[in-house]
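Source file: protein01.cif (mmCIF, N, CA and C atoms)
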```cif
data_coords
#
loop_
_atom_site.label_atom_id
_atom_site.label_comp_id
_atom_site.auth_asym_id
_atom_site.auth_seq_id
_atom_site.Cartn_x
_atom_site.Cartn_y
_atom_site.Cartn_z
N MET A 1 57.76 55.63 51.95
CA MET A 1 59.18 55.73 51.78
C MET A 1 59.50 55.87 50.29
N THR A 2 60.39 56.75 50.03
CA THR A 2 60.89 56.90 48.67
C THR A 2 62.40 56.81 48.69
N TRP A 3 62.97 56.50 47.56
CA TRP A 3 64.42 56.48 47.48
C TRP A 3 64.86 56.88 46.08
N GLU A 4 66.12 57.29 46.02
CA GLU A 4 66.77 57.63 44.77
C GLU A 4 68.02 56.77 44.64
N LEU A 5 68.34 56.41 43.41
CA LEU A 5 69.53 55.59 43.15
C LEU A 5 70.52 56.37 42.30
N ARG A 6 71.78 56.08 42.49
CA ARG A 6 72.83 56.67 41.67
C ARG A 6 73.96 55.66 41.55
N GLU A 7 74.53 55.59 40.36
CA GLU A 7 75.69 54.72 40.14
C GLU A 7 76.94 55.59 40.09
N HIS A 8 78.00 55.09 40.70
CA HIS A 8 79.28 55.80 40.69
C HIS A 8 80.40 54.76 40.68
N ALA A 9 81.25 54.83 39.68
CA ALA A 9 82.40 53.93 39.55
C ALA A 9 81.99 52.46 39.67
N GLY A 10 80.86 52.12 39.04
CA GLY A 10 80.42 50.73 39.01
C GLY A 10 79.66 50.25 40.24
N ARG A 11 79.48 51.10 41.25
CA ARG A 11 78.70 50.72 42.44
C ARG A 11 77.42 51.54 42.46
N HIS A 12 76.39 50.96 43.03
CA HIS A 12 75.10 51.64 43.15
C HIS A 12 74.92 52.12 44.59
N TYR A 13 74.41 53.33 44.72
CA TYR A 13 74.15 53.93 46.03
C TYR A 13 72.69 54.36 46.07
N ALA A 14 72.13 54.39 47.26
CA ALA A 14 70.73 54.79 47.42
C ALA A 14 70.61 55.81 48.54
N ILE A 15 69.68 56.73 48.34
CA ILE A 15 69.27 57.64 49.41
C ILE A 15 67.80 57.35 49.67
N LEU A 16 67.50 57.00 50.91
CA LEU A 16 66.16 56.65 51.34
C LEU A 16 65.61 57.77 52.20
N PHE A 17 64.37 58.17 51.94
CA PHE A 17 63.70 59.22 52.70
C PHE A 17 62.50 58.61 53.43
N HIS A 18 62.40 58.85 54.72
CA HIS A 18 61.21 58.42 55.47
C HIS A 18 61.09 59.24 56.75
N TYR A 19 59.89 59.24 57.31
CA TYR A 19 59.68 59.98 58.55
C TYR A 19 59.99 59.06 59.72
N ALA A 20 60.87 59.52 60.61
CA ALA A 20 61.25 58.75 61.80
C ALA A 20 60.41 59.27 62.96
N LEU A 21 59.29 58.62 63.20
CA LEU A 21 58.35 59.07 64.21
C LEU A 21 58.96 59.21 65.61
N PRO A 22 59.77 58.25 66.07
CA PRO A 22 60.34 58.41 67.41
C PRO A 22 61.24 59.65 67.56
N ASP A 23 61.82 60.08 66.45
CA ASP A 23 62.72 61.24 66.47
C ASP A 23 62.01 62.54 66.09
N ASP A 24 60.74 62.47 65.69
CA ASP A 24 60.02 63.64 65.18
C ASP A 24 60.85 64.37 64.14
N ALA A 25 61.36 63.61 63.18
CA ALA A 25 62.24 64.18 62.17
C ALA A 25 62.19 63.34 60.90
N TRP A 26 62.57 63.97 59.80
CA TRP A 26 62.74 63.25 58.55
C TRP A 26 64.10 62.58 58.57
N SER A 27 64.15 61.37 58.12
CA SER A 27 65.39 60.62 58.04
C SER A 27 65.81 60.52 56.57
N VAL A 28 67.06 60.87 56.32
CA VAL A 28 67.65 60.77 54.99
C VAL A 28 68.84 59.83 55.15
N GLU A 29 68.79 58.67 54.51
CA GLU A 29 69.80 57.64 54.74
C GLU A 29 70.54 57.29 53.44
N LEU A 30 71.85 57.25 53.52
CA LEU A 30 72.69 56.84 52.40
C LEU A 30 73.14 55.41 52.62
N SER A 31 73.03 54.59 51.57
CA SER A 31 73.49 53.21 51.67
C SER A 31 74.08 52.77 50.34
N VAL A 32 74.83 51.68 50.40
CA VAL A 32 75.24 51.00 49.18
C VAL A 32 74.02 50.17 48.77
N ALA A 33 73.53 50.41 47.57
CA ALA A 33 72.33 49.72 47.11
C ALA A 33 72.63 48.25 46.85
N VAL A 34 71.62 47.42 47.07
CA VAL A 34 71.76 45.98 46.85
C VAL A 34 70.88 45.57 45.67
N PRO A 35 71.37 44.62 44.88
CA PRO A 35 70.56 44.17 43.73
C PRO A 35 69.25 43.55 44.20
N THR A 36 68.20 43.77 43.43
CA THR A 36 66.91 43.16 43.75
C THR A 36 66.94 41.70 43.34
N ALA A 37 66.10 40.93 43.98
CA ALA A 37 65.96 39.52 43.57
C ALA A 37 65.25 39.49 42.23
N ALA A 38 65.56 38.54 41.40
CA ALA A 38 64.94 38.44 40.08
C ALA A 38 63.43 38.32 40.21
N ARG A 39 62.95 37.62 41.24
CA ARG A 39 61.51 37.43 41.44
C ARG A 39 60.82 38.76 41.68
N VAL A 40 61.44 39.64 42.47
CA VAL A 40 60.85 40.95 42.75
C VAL A 40 60.80 41.77 41.46
N ALA A 41 61.86 41.76 40.69
CA ALA A 41 61.91 42.52 39.44
C ALA A 41 60.86 42.02 38.45
N GLU A 42 60.63 40.70 38.40
CA GLU A 42 59.65 40.14 37.46
C GLU A 42 58.22 40.55 37.83
N ASN A 43 57.92 40.69 39.12
CA ASN A 43 56.58 41.00 39.57
C ASN A 43 56.30 42.50 39.63
N SER A 44 57.24 43.30 39.21
CA SER A 44 57.09 44.74 39.29
C SER A 44 56.84 45.33 37.91
N ASP A 45 56.06 46.42 37.87
CA ASP A 45 55.84 47.11 36.61
C ASP A 45 57.10 47.85 36.18
N ALA A 46 57.84 48.39 37.14
CA ALA A 46 59.06 49.13 36.85
C ALA A 46 60.26 48.18 36.94
N ALA A 47 61.27 48.49 36.20
CA ALA A 47 62.49 47.68 36.21
C ALA A 47 63.40 48.17 37.33
N VAL A 48 63.09 47.79 38.55
CA VAL A 48 63.91 48.17 39.70
C VAL A 48 65.03 47.16 39.81
N THR A 49 66.25 47.63 39.66
CA THR A 49 67.39 46.71 39.70
C THR A 49 68.09 46.70 41.04
N HIS A 50 67.95 47.78 41.83
CA HIS A 50 68.62 47.89 43.13
C HIS A 50 67.67 48.52 44.14
N LEU A 51 67.88 48.15 45.39
CA LEU A 51 67.11 48.71 46.51
C LEU A 51 68.08 49.24 47.55
N PRO A 52 67.61 50.15 48.41
CA PRO A 52 68.50 50.64 49.48
C PRO A 52 68.98 49.49 50.36
N GLY A 53 70.23 49.59 50.78
CA GLY A 53 70.80 48.60 51.68
C GLY A 53 70.83 49.15 53.10
N VAL A 54 71.76 48.66 53.88
CA VAL A 54 71.92 49.12 55.27
C VAL A 54 72.56 50.51 55.25
N ALA A 55 72.03 51.42 56.05
CA ALA A 55 72.50 52.80 56.07
C ALA A 55 73.97 52.90 56.48
N VAL A 56 74.69 53.75 55.76
CA VAL A 56 76.07 54.09 56.10
C VAL A 56 76.08 55.46 56.79
N LEU A 57 75.25 56.38 56.27
CA LEU A 57 75.07 57.71 56.85
C LEU A 57 73.58 57.94 57.03
N ARG A 58 73.22 58.61 58.12
CA ARG A 58 71.81 58.94 58.36
C ARG A 58 71.72 60.35 58.89
N ALA A 59 70.96 61.18 58.19
CA ALA A 59 70.71 62.54 58.65
C ALA A 59 69.29 62.60 59.21
N LEU A 60 69.15 63.22 60.36
CA LEU A 60 67.83 63.48 60.93
C LEU A 60 67.55 64.96 60.81
N VAL A 61 66.43 65.29 60.17
CA VAL A 61 66.06 66.68 59.93
C VAL A 61 64.77 66.96 60.70
N PRO A 62 64.88 67.66 61.86
CA PRO A 62 63.68 67.96 62.64
C PRO A 62 62.72 68.84 61.84
N ASP A 63 61.43 68.55 61.94
CA ASP A 63 60.46 69.35 61.20
C ASP A 63 59.48 70.08 62.11
N GLU A 64 59.62 69.93 63.41
CA GLU A 64 58.72 70.60 64.34
C GLU A 64 59.27 71.92 64.85
N ASP A 65 60.59 72.05 64.92
CA ASP A 65 61.23 73.25 65.47
C ASP A 65 62.44 73.60 64.61
N PRO A 66 62.38 74.71 63.85
CA PRO A 66 63.50 75.05 62.96
C PRO A 66 64.78 75.42 63.69
N LYS A 67 64.71 75.63 65.00
CA LYS A 67 65.92 75.94 65.77
C LYS A 67 66.75 74.69 66.06
N LEU A 68 66.12 73.53 65.98
CA LEU A 68 66.85 72.28 66.18
C LEU A 68 67.72 72.00 64.97
N GLU A 69 68.96 71.67 65.22
CA GLU A 69 69.91 71.42 64.14
C GLU A 69 69.75 70.01 63.59
N PRO A 70 69.84 69.87 62.27
CA PRO A 70 69.91 68.53 61.70
C PRO A 70 71.21 67.86 62.17
N THR A 71 71.18 66.56 62.28
CA THR A 71 72.37 65.81 62.70
C THR A 71 72.65 64.71 61.68
N VAL A 72 73.91 64.32 61.59
CA VAL A 72 74.31 63.23 60.72
C VAL A 72 75.02 62.19 61.57
N ARG A 73 74.61 60.95 61.41
CA ARG A 73 75.22 59.85 62.15
C ARG A 73 75.91 58.92 61.16
N VAL A 74 77.08 58.46 61.51
CA VAL A 74 77.86 57.56 60.66
C VAL A 74 77.71 56.14 61.21
N TYR A 75 77.30 55.21 60.34
CA TYR A 75 77.20 53.79 60.68
C TYR A 75 78.20 53.08 59.79
N SER A 76 79.36 52.75 60.31
CA SER A 76 80.34 52.12 59.44
C SER A 76 81.33 51.28 60.23
N PRO A 77 80.88 50.16 60.77
CA PRO A 77 81.81 49.33 61.54
C PRO A 77 82.92 48.75 60.67
N ASP A 78 82.66 48.60 59.37
CA ASP A 78 83.67 48.03 58.49
C ASP A 78 84.40 49.12 57.69
N GLU A 79 84.36 50.34 58.18
CA GLU A 79 85.03 51.48 57.55
C GLU A 79 84.65 51.63 56.08
N GLN A 80 83.37 51.69 55.82
CA GLN A 80 82.84 51.87 54.47
C GLN A 80 83.37 53.17 53.88
N VAL A 81 83.85 53.13 52.65
CA VAL A 81 84.34 54.30 51.95
C VAL A 81 83.20 54.89 51.13
N VAL A 82 82.99 56.20 51.26
CA VAL A 82 81.97 56.89 50.50
C VAL A 82 82.67 57.86 49.55
N PRO A 83 82.52 57.68 48.25
CA PRO A 83 83.16 58.60 47.30
C PRO A 83 82.66 60.03 47.50
N TYR A 84 83.53 60.97 47.22
CA TYR A 84 83.22 62.39 47.41
C TYR A 84 81.94 62.80 46.67
N GLU A 85 81.79 62.40 45.41
CA GLU A 85 80.60 62.79 44.64
C GLU A 85 79.32 62.25 45.27
N ILE A 86 79.38 61.06 45.82
CA ILE A 86 78.21 60.48 46.48
C ILE A 86 77.93 61.22 47.79
N LEU A 87 78.96 61.58 48.53
CA LEU A 87 78.78 62.36 49.76
C LEU A 87 78.16 63.72 49.44
N ARG A 88 78.62 64.36 48.38
CA ARG A 88 78.05 65.65 47.96
C ARG A 88 76.57 65.49 47.62
N TRP A 89 76.24 64.45 46.87
CA TRP A 89 74.85 64.17 46.51
C TRP A 89 74.00 64.00 47.76
N PHE A 90 74.49 63.22 48.71
CA PHE A 90 73.77 62.99 49.96
C PHE A 90 73.55 64.31 50.71
N MET A 91 74.62 65.11 50.84
CA MET A 91 74.49 66.36 51.60
C MET A 91 73.59 67.37 50.89
N GLU A 92 73.57 67.36 49.56
CA GLU A 92 72.63 68.22 48.82
C GLU A 92 71.19 67.80 49.10
N GLU A 93 70.94 66.50 49.15
CA GLU A 93 69.59 66.01 49.46
C GLU A 93 69.19 66.37 50.90
N VAL A 94 70.15 66.28 51.83
CA VAL A 94 69.88 66.67 53.22
C VAL A 94 69.56 68.17 53.27
N ALA A 95 70.35 68.99 52.59
CA ALA A 95 70.11 70.44 52.58
C ALA A 95 68.74 70.76 51.99
N ASP A 96 68.34 70.05 50.93
CA ASP A 96 67.01 70.26 50.35
C ASP A 96 65.91 69.90 51.35
N GLN A 97 66.11 68.82 52.09
CA GLN A 97 65.12 68.40 53.09
C GLN A 97 65.03 69.44 54.21
N VAL A 98 66.16 69.99 54.63
CA VAL A 98 66.15 71.04 55.66
C VAL A 98 65.34 72.24 55.16
N GLU A 99 65.57 72.66 53.93
CA GLU A 99 64.84 73.80 53.37
C GLU A 99 63.35 73.52 53.30
N ARG A 100 62.96 72.31 52.87
CA ARG A 100 61.54 71.97 52.79
C ARG A 100 60.89 71.99 54.16
N CYS A 101 61.57 71.43 55.16
CA CYS A 101 61.01 71.40 56.52
C CYS A 101 60.86 72.81 57.09
N ARG A 102 61.86 73.63 56.89
CA ARG A 102 61.80 75.01 57.41
C ARG A 102 60.75 75.83 56.68
N ALA A 103 60.61 75.65 55.39
CA ALA A 103 59.58 76.36 54.63
C ALA A 103 58.18 75.94 55.09
N ALA A 104 57.99 74.65 55.31
CA ALA A 104 56.69 74.15 55.79
C ALA A 104 56.39 74.70 57.18
N PHE A 105 57.40 74.76 58.02
CA PHE A 105 57.20 75.31 59.37
C PHE A 105 56.79 76.77 59.29
N GLU A 106 57.45 77.55 58.45
CA GLU A 106 57.12 78.96 58.30
C GLU A 106 55.72 79.15 57.74
N MET A 107 55.32 78.28 56.81
CA MET A 107 53.97 78.37 56.24
C MET A 107 52.93 78.07 57.31
N GLU A 108 53.16 77.04 58.12
CA GLU A 108 52.24 76.70 59.20
C GLU A 108 52.19 77.80 60.24
N LYS A 109 53.33 78.38 60.54
CA LYS A 109 53.41 79.48 61.51
C LYS A 109 52.62 80.68 61.00
N GLY A 110 52.74 80.99 59.70
CA GLY A 110 51.99 82.10 59.11
C GLY A 110 50.50 81.86 59.12
N GLU A 111 50.07 80.63 58.87
CA GLU A 111 48.65 80.30 58.89
C GLU A 111 48.09 80.39 60.30
N ALA A 112 48.89 80.06 61.30
CA ALA A 112 48.43 80.11 62.69
C ALA A 112 48.23 81.55 63.16
N VAL A 113 49.01 82.50 62.61
CA VAL A 113 48.91 83.90 63.01
C VAL A 113 47.64 84.53 62.45
N GLU A 114 47.24 84.11 61.25
CA GLU A 114 46.07 84.71 60.61
C GLU A 114 44.84 84.42 61.35
#
```

Target encoding structure tokens, full file:
Amino acid sequence: MTWELREHAGRHYAILFHYALPDDAWSVELSVAVPTAARVAENSDAAVTHLPGVAVLRALVPDEDPKLEPTVRVYSPDEQVVPYEILRWFMEEVADQVERCRAAFEMEKGEAVE
């Protein structure tokens, strides 16, 4: 699992990337980042100040069949507000993941034909 952090208007947001095996798709999740515990930061080589929190938005990007559409699910029982710039960042990351998955599929398809 990897993640990226971004600060906007004093709040930290995270995008987490991981493979969702039950869905046969890449999962790209947006969350409000949570501060790390001081103990975790002390035991780490890198100065990680925030970690991904509970997902607010989750995109599933299928990587087995390029005809399957990516989907976005909203998780927000408390009506979480997502700033426009953060939503744009999230959707750009989702679009990049879609392109990577489709390119990999085409490469595998080309190798299978040879």

Based on DSSP run over this structure's backbone, return all residues of chain A in helix (DSSP H, G or I), as a PyMOL selection string.
chain A and resi 21-23+38-42+84-113

List the residues matched by the PyMOL selection byres (((chain A and resi 25-32 and name CA) around 8) and name CA) in the displayed structure as a VMD selection string, ordered by chain and then by residue number.
chain A and resid 11 to 21 23 to 24 33 to 34 52 to 64 90 93 to 94 97

Listed atoms of region 11-15 of chain A, axis-aligned box, 4 Å per side: centre and edge lengths to one decimal in Å, as JSON?
```
{"center_x": 73.6, "center_y": 54.2, "center_z": 45.5, "size_x": 19.7, "size_y": 14.9, "size_z": 16.4}
```

In chain A, what's strand (DSSP E) per DSSP? Answer as an MDAnalysis selection string?
chainID A and resid 2:8 11:20 25:32 34:35 50:51 55:62 71:74

Output for the residues just chosen: N, CA and C atoms as a tab-separated table (two decimals), in the frame of the given file:
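out.tsv was written with the following content:
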```
chain	number	residue	atom	x	y	z
A	2	THR	N	60.39	56.75	50.03
A	2	THR	CA	60.89	56.90	48.67
A	2	THR	C	62.40	56.81	48.69
A	3	TRP	N	62.97	56.50	47.56
A	3	TRP	CA	64.42	56.48	47.48
A	3	TRP	C	64.86	56.88	46.08
A	4	GLU	N	66.12	57.29	46.02
A	4	GLU	CA	66.77	57.63	44.77
A	4	GLU	C	68.02	56.77	44.64
A	5	LEU	N	68.34	56.41	43.41
A	5	LEU	CA	69.53	55.59	43.15
A	5	LEU	C	70.52	56.37	42.30
A	6	ARG	N	71.78	56.08	42.49
A	6	ARG	CA	72.83	56.67	41.67
A	6	ARG	C	73.96	55.66	41.55
A	7	GLU	N	74.53	55.59	40.36
A	7	GLU	CA	75.69	54.72	40.14
A	7	GLU	C	76.94	55.59	40.09
A	8	HIS	N	78.00	55.09	40.70
A	8	HIS	CA	79.28	55.80	40.69
A	8	HIS	C	80.40	54.76	40.68
A	11	ARG	N	79.48	51.10	41.25
A	11	ARG	CA	78.70	50.72	42.44
A	11	ARG	C	77.42	51.54	42.46
A	12	HIS	N	76.39	50.96	43.03
A	12	HIS	CA	75.10	51.64	43.15
A	12	HIS	C	74.92	52.12	44.59
A	13	TYR	N	74.41	53.33	44.72
A	13	TYR	CA	74.15	53.93	46.03
A	13	TYR	C	72.69	54.36	46.07
A	14	ALA	N	72.13	54.39	47.26
A	14	ALA	CA	70.73	54.79	47.42
A	14	ALA	C	70.61	55.81	48.54
A	15	ILE	N	69.68	56.73	48.34
A	15	ILE	CA	69.27	57.64	49.41
A	15	ILE	C	67.80	57.35	49.67
A	16	LEU	N	67.50	57.00	50.91
A	16	LEU	CA	66.16	56.65	51.34
A	16	LEU	C	65.61	57.77	52.20
A	17	PHE	N	64.37	58.17	51.94
A	17	PHE	CA	63.70	59.22	52.70
A	17	PHE	C	62.50	58.61	53.43
A	18	HIS	N	62.40	58.85	54.72
A	18	HIS	CA	61.21	58.42	55.47
A	18	HIS	C	61.09	59.24	56.75
A	19	TYR	N	59.89	59.24	57.31
A	19	TYR	CA	59.68	59.98	58.55
A	19	TYR	C	59.99	59.06	59.72
A	20	ALA	N	60.87	59.52	60.61
A	20	ALA	CA	61.25	58.75	61.80
A	20	ALA	C	60.41	59.27	62.96
A	25	ALA	N	61.36	63.61	63.18
A	25	ALA	CA	62.24	64.18	62.17
A	25	ALA	C	62.19	63.34	60.90
A	26	TRP	N	62.57	63.97	59.80
A	26	TRP	CA	62.74	63.25	58.55
A	26	TRP	C	64.10	62.58	58.57
A	27	SER	N	64.15	61.37	58.12
A	27	SER	CA	65.39	60.62	58.04
A	27	SER	C	65.81	60.52	56.57
A	28	VAL	N	67.06	60.87	56.32
A	28	VAL	CA	67.65	60.77	54.99
A	28	VAL	C	68.84	59.83	55.15
A	29	GLU	N	68.79	58.67	54.51
A	29	GLU	CA	69.80	57.64	54.74
A	29	GLU	C	70.54	57.29	53.44
A	30	LEU	N	71.85	57.25	53.52
A	30	LEU	CA	72.69	56.84	52.40
A	30	LEU	C	73.14	55.41	52.62
A	31	SER	N	73.03	54.59	51.57
A	31	SER	CA	73.49	53.21	51.67
A	31	SER	C	74.08	52.77	50.34
A	32	VAL	N	74.83	51.68	50.40
A	32	VAL	CA	75.24	51.00	49.18
A	32	VAL	C	74.02	50.17	48.77
A	34	VAL	N	71.62	47.42	47.07
A	34	VAL	CA	71.76	45.98	46.85
A	34	VAL	C	70.88	45.57	45.67
A	35	PRO	N	71.37	44.62	44.88
A	35	PRO	CA	70.56	44.17	43.73
A	35	PRO	C	69.25	43.55	44.20
A	50	HIS	N	67.95	47.78	41.83
A	50	HIS	CA	68.62	47.89	43.13
A	50	HIS	C	67.67	48.52	44.14
A	51	LEU	N	67.88	48.15	45.39
A	51	LEU	CA	67.11	48.71	46.51
A	51	LEU	C	68.08	49.24	47.55
A	55	ALA	N	72.03	51.42	56.05
A	55	ALA	CA	72.50	52.80	56.07
A	55	ALA	C	73.97	52.90	56.48
A	56	VAL	N	74.69	53.75	55.76
A	56	VAL	CA	76.07	54.09	56.10
A	56	VAL	C	76.08	55.46	56.79
A	57	LEU	N	75.25	56.38	56.27
A	57	LEU	CA	75.07	57.71	56.85
A	57	LEU	C	73.58	57.94	57.03
A	58	ARG	N	73.22	58.61	58.12
A	58	ARG	CA	71.81	58.94	58.36
A	58	ARG	C	71.72	60.35	58.89
A	59	ALA	N	70.96	61.18	58.19
A	59	ALA	CA	70.71	62.54	58.65
A	59	ALA	C	69.29	62.60	59.21
A	60	LEU	N	69.15	63.22	60.36
A	60	LEU	CA	67.83	63.48	60.93
A	60	LEU	C	67.55	64.96	60.81
A	61	VAL	N	66.43	65.29	60.17
A	61	VAL	CA	66.06	66.68	59.93
A	61	VAL	C	64.77	66.96	60.70
A	62	PRO	N	64.88	67.66	61.86
A	62	PRO	CA	63.68	67.96	62.64
A	62	PRO	C	62.72	68.84	61.84
A	71	THR	N	71.18	66.56	62.28
A	71	THR	CA	72.37	65.81	62.70
A	71	THR	C	72.65	64.71	61.68
A	72	VAL	N	73.91	64.32	61.59
A	72	VAL	CA	74.31	63.23	60.72
A	72	VAL	C	75.02	62.19	61.57
A	73	ARG	N	74.61	60.95	61.41
A	73	ARG	CA	75.22	59.85	62.15
A	73	ARG	C	75.91	58.92	61.16
A	74	VAL	N	77.08	58.46	61.51
A	74	VAL	CA	77.86	57.56	60.66
A	74	VAL	C	77.71	56.14	61.21
```

Report the distance between CA of Asp65 (chain A) and CA of Ala104 (chain A) in Å, rounded to one decimal place.
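Atom-to-atom, CA of Asp65 (chain A) and CA of Ala104 (chain A) are spaced 10.7 Å apart.
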
Separation of CA of Thr71 (chain A) from CA of Pro35 (chain A), in Å and rounded to one decimal:
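CA of Pro35 (chain A) lies at a distance of 28.8 Å from CA of Thr71 (chain A).
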
One decimal place gives the CA of Arg100 (chain A)-CA of Glu85 (chain A) separation as 22.7 Å

Within-8 Å shell of (67.8, 51.9, 40.7) in input frame, only C-alpha atoms, as a list in words
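Output: Glu4, Leu5, Arg6, His12, Ala14, Val48, Thr49, His50 and Leu51 of chain A.
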
Save region 5-13 of chain A of the structure in the block above to a file, with all heavy atoms included, as an mmCIF file, in the first residue's frame.
```
data_model
loop_
_atom_site.group_PDB
_atom_site.id
_atom_site.type_symbol
_atom_site.label_atom_id
_atom_site.label_comp_id
_atom_site.auth_asym_id
_atom_site.auth_seq_id
_atom_site.Cartn_x
_atom_site.Cartn_y
_atom_site.Cartn_z
ATOM 1 N N LEU A 5 0.013 12.413 0.529
ATOM 2 C CA LEU A 5 -0.612 13.380 1.434
ATOM 3 C C LEU A 5 -0.634 14.753 0.783
ATOM 4 O O LEU A 5 0.253 15.093 0.011
ATOM 5 C CB LEU A 5 0.162 13.470 2.751
ATOM 6 C CG LEU A 5 0.190 12.222 3.612
ATOM 7 C CD1 LEU A 5 1.155 12.417 4.772
ATOM 8 C CD2 LEU A 5 -1.196 11.885 4.117
ATOM 9 N N ARG A 6 -1.636 15.524 1.133
ATOM 10 C CA ARG A 6 -1.719 16.909 0.675
ATOM 11 C C ARG A 6 -2.422 17.718 1.753
ATOM 12 O O ARG A 6 -3.379 17.258 2.361
ATOM 13 C CB ARG A 6 -2.493 16.975 -0.633
ATOM 14 C CG ARG A 6 -2.537 18.396 -1.183
ATOM 15 C CD ARG A 6 -2.982 18.450 -2.601
ATOM 16 N NE ARG A 6 -1.921 17.925 -3.458
ATOM 17 C CZ ARG A 6 -2.001 17.901 -4.773
ATOM 18 N NH1 ARG A 6 -3.082 18.344 -5.381
ATOM 19 N NH2 ARG A 6 -1.026 17.415 -5.495
ATOM 20 N N GLU A 7 -1.928 18.937 1.953
ATOM 21 C CA GLU A 7 -2.564 19.845 2.900
ATOM 22 C C GLU A 7 -3.352 20.888 2.109
ATOM 23 O O GLU A 7 -2.915 21.372 1.064
ATOM 24 C CB GLU A 7 -1.511 20.541 3.763
ATOM 25 C CG GLU A 7 -2.113 21.415 4.836
ATOM 26 C CD GLU A 7 -1.067 22.055 5.728
ATOM 27 O OE1 GLU A 7 0.122 21.721 5.612
ATOM 28 O OE2 GLU A 7 -1.459 22.919 6.530
ATOM 29 N N HIS A 8 -4.535 21.206 2.614
ATOM 30 C CA HIS A 8 -5.371 22.225 1.986
ATOM 31 C C HIS A 8 -6.143 22.951 3.080
ATOM 32 O O HIS A 8 -6.857 22.314 3.858
ATOM 33 C CB HIS A 8 -6.351 21.591 0.985
ATOM 34 C CG HIS A 8 -7.260 22.584 0.330
ATOM 35 N ND1 HIS A 8 -6.845 23.381 -0.709
ATOM 36 C CD2 HIS A 8 -8.539 22.920 0.591
ATOM 37 C CE1 HIS A 8 -7.846 24.162 -1.069
ATOM 38 N NE2 HIS A 8 -8.886 23.904 -0.290
ATOM 39 N N ALA A 9 -5.973 24.261 3.141
ATOM 40 C CA ALA A 9 -6.677 25.100 4.110
ATOM 41 C C ALA A 9 -6.518 24.579 5.543
ATOM 42 O O ALA A 9 -7.476 24.544 6.317
ATOM 43 C CB ALA A 9 -8.147 25.218 3.737
ATOM 44 N N GLY A 10 -5.302 24.131 5.873
ATOM 45 C CA GLY A 10 -5.019 23.696 7.233
ATOM 46 C C GLY A 10 -5.416 22.265 7.567
ATOM 47 O O GLY A 10 -5.188 21.810 8.679
ATOM 48 N N ARG A 11 -6.027 21.546 6.620
ATOM 49 C CA ARG A 11 -6.387 20.132 6.855
ATOM 50 C C ARG A 11 -5.517 19.259 5.970
ATOM 51 O O ARG A 11 -5.110 19.662 4.885
ATOM 52 C CB ARG A 11 -7.851 19.881 6.505
ATOM 53 C CG ARG A 11 -8.794 20.574 7.475
ATOM 54 C CD ARG A 11 -10.203 20.168 7.248
ATOM 55 N NE ARG A 11 -10.428 18.898 7.941
ATOM 56 C CZ ARG A 11 -11.587 18.273 7.947
ATOM 57 N NH1 ARG A 11 -12.609 18.772 7.297
ATOM 58 N NH2 ARG A 11 -11.735 17.147 8.607
ATOM 59 N N HIS A 12 -5.257 18.059 6.437
ATOM 60 C CA HIS A 12 -4.463 17.101 5.680
ATOM 61 C C HIS A 12 -5.392 16.047 5.079
ATOM 62 O O HIS A 12 -6.305 15.555 5.756
ATOM 63 C CB HIS A 12 -3.430 16.428 6.581
ATOM 64 C CG HIS A 12 -2.343 17.352 6.995
ATOM 65 N ND1 HIS A 12 -2.470 18.234 8.047
ATOM 66 C CD2 HIS A 12 -1.114 17.558 6.491
ATOM 67 C CE1 HIS A 12 -1.373 18.923 8.178
ATOM 68 N NE2 HIS A 12 -0.520 18.539 7.244
ATOM 69 N N TYR A 13 -5.121 15.701 3.828
ATOM 70 C CA TYR A 13 -5.896 14.690 3.112
ATOM 71 C C TYR A 13 -4.924 13.635 2.598
ATOM 72 O O TYR A 13 -3.748 13.926 2.348
ATOM 73 C CB TYR A 13 -6.657 15.308 1.933
ATOM 74 C CG TYR A 13 -7.672 16.333 2.381
ATOM 75 C CD1 TYR A 13 -7.324 17.659 2.578
ATOM 76 C CD2 TYR A 13 -8.984 15.950 2.637
ATOM 77 C CE1 TYR A 13 -8.250 18.593 3.015
ATOM 78 C CE2 TYR A 13 -9.917 16.886 3.079
ATOM 79 C CZ TYR A 13 -9.545 18.195 3.266
ATOM 80 O OH TYR A 13 -10.468 19.112 3.701
#
```
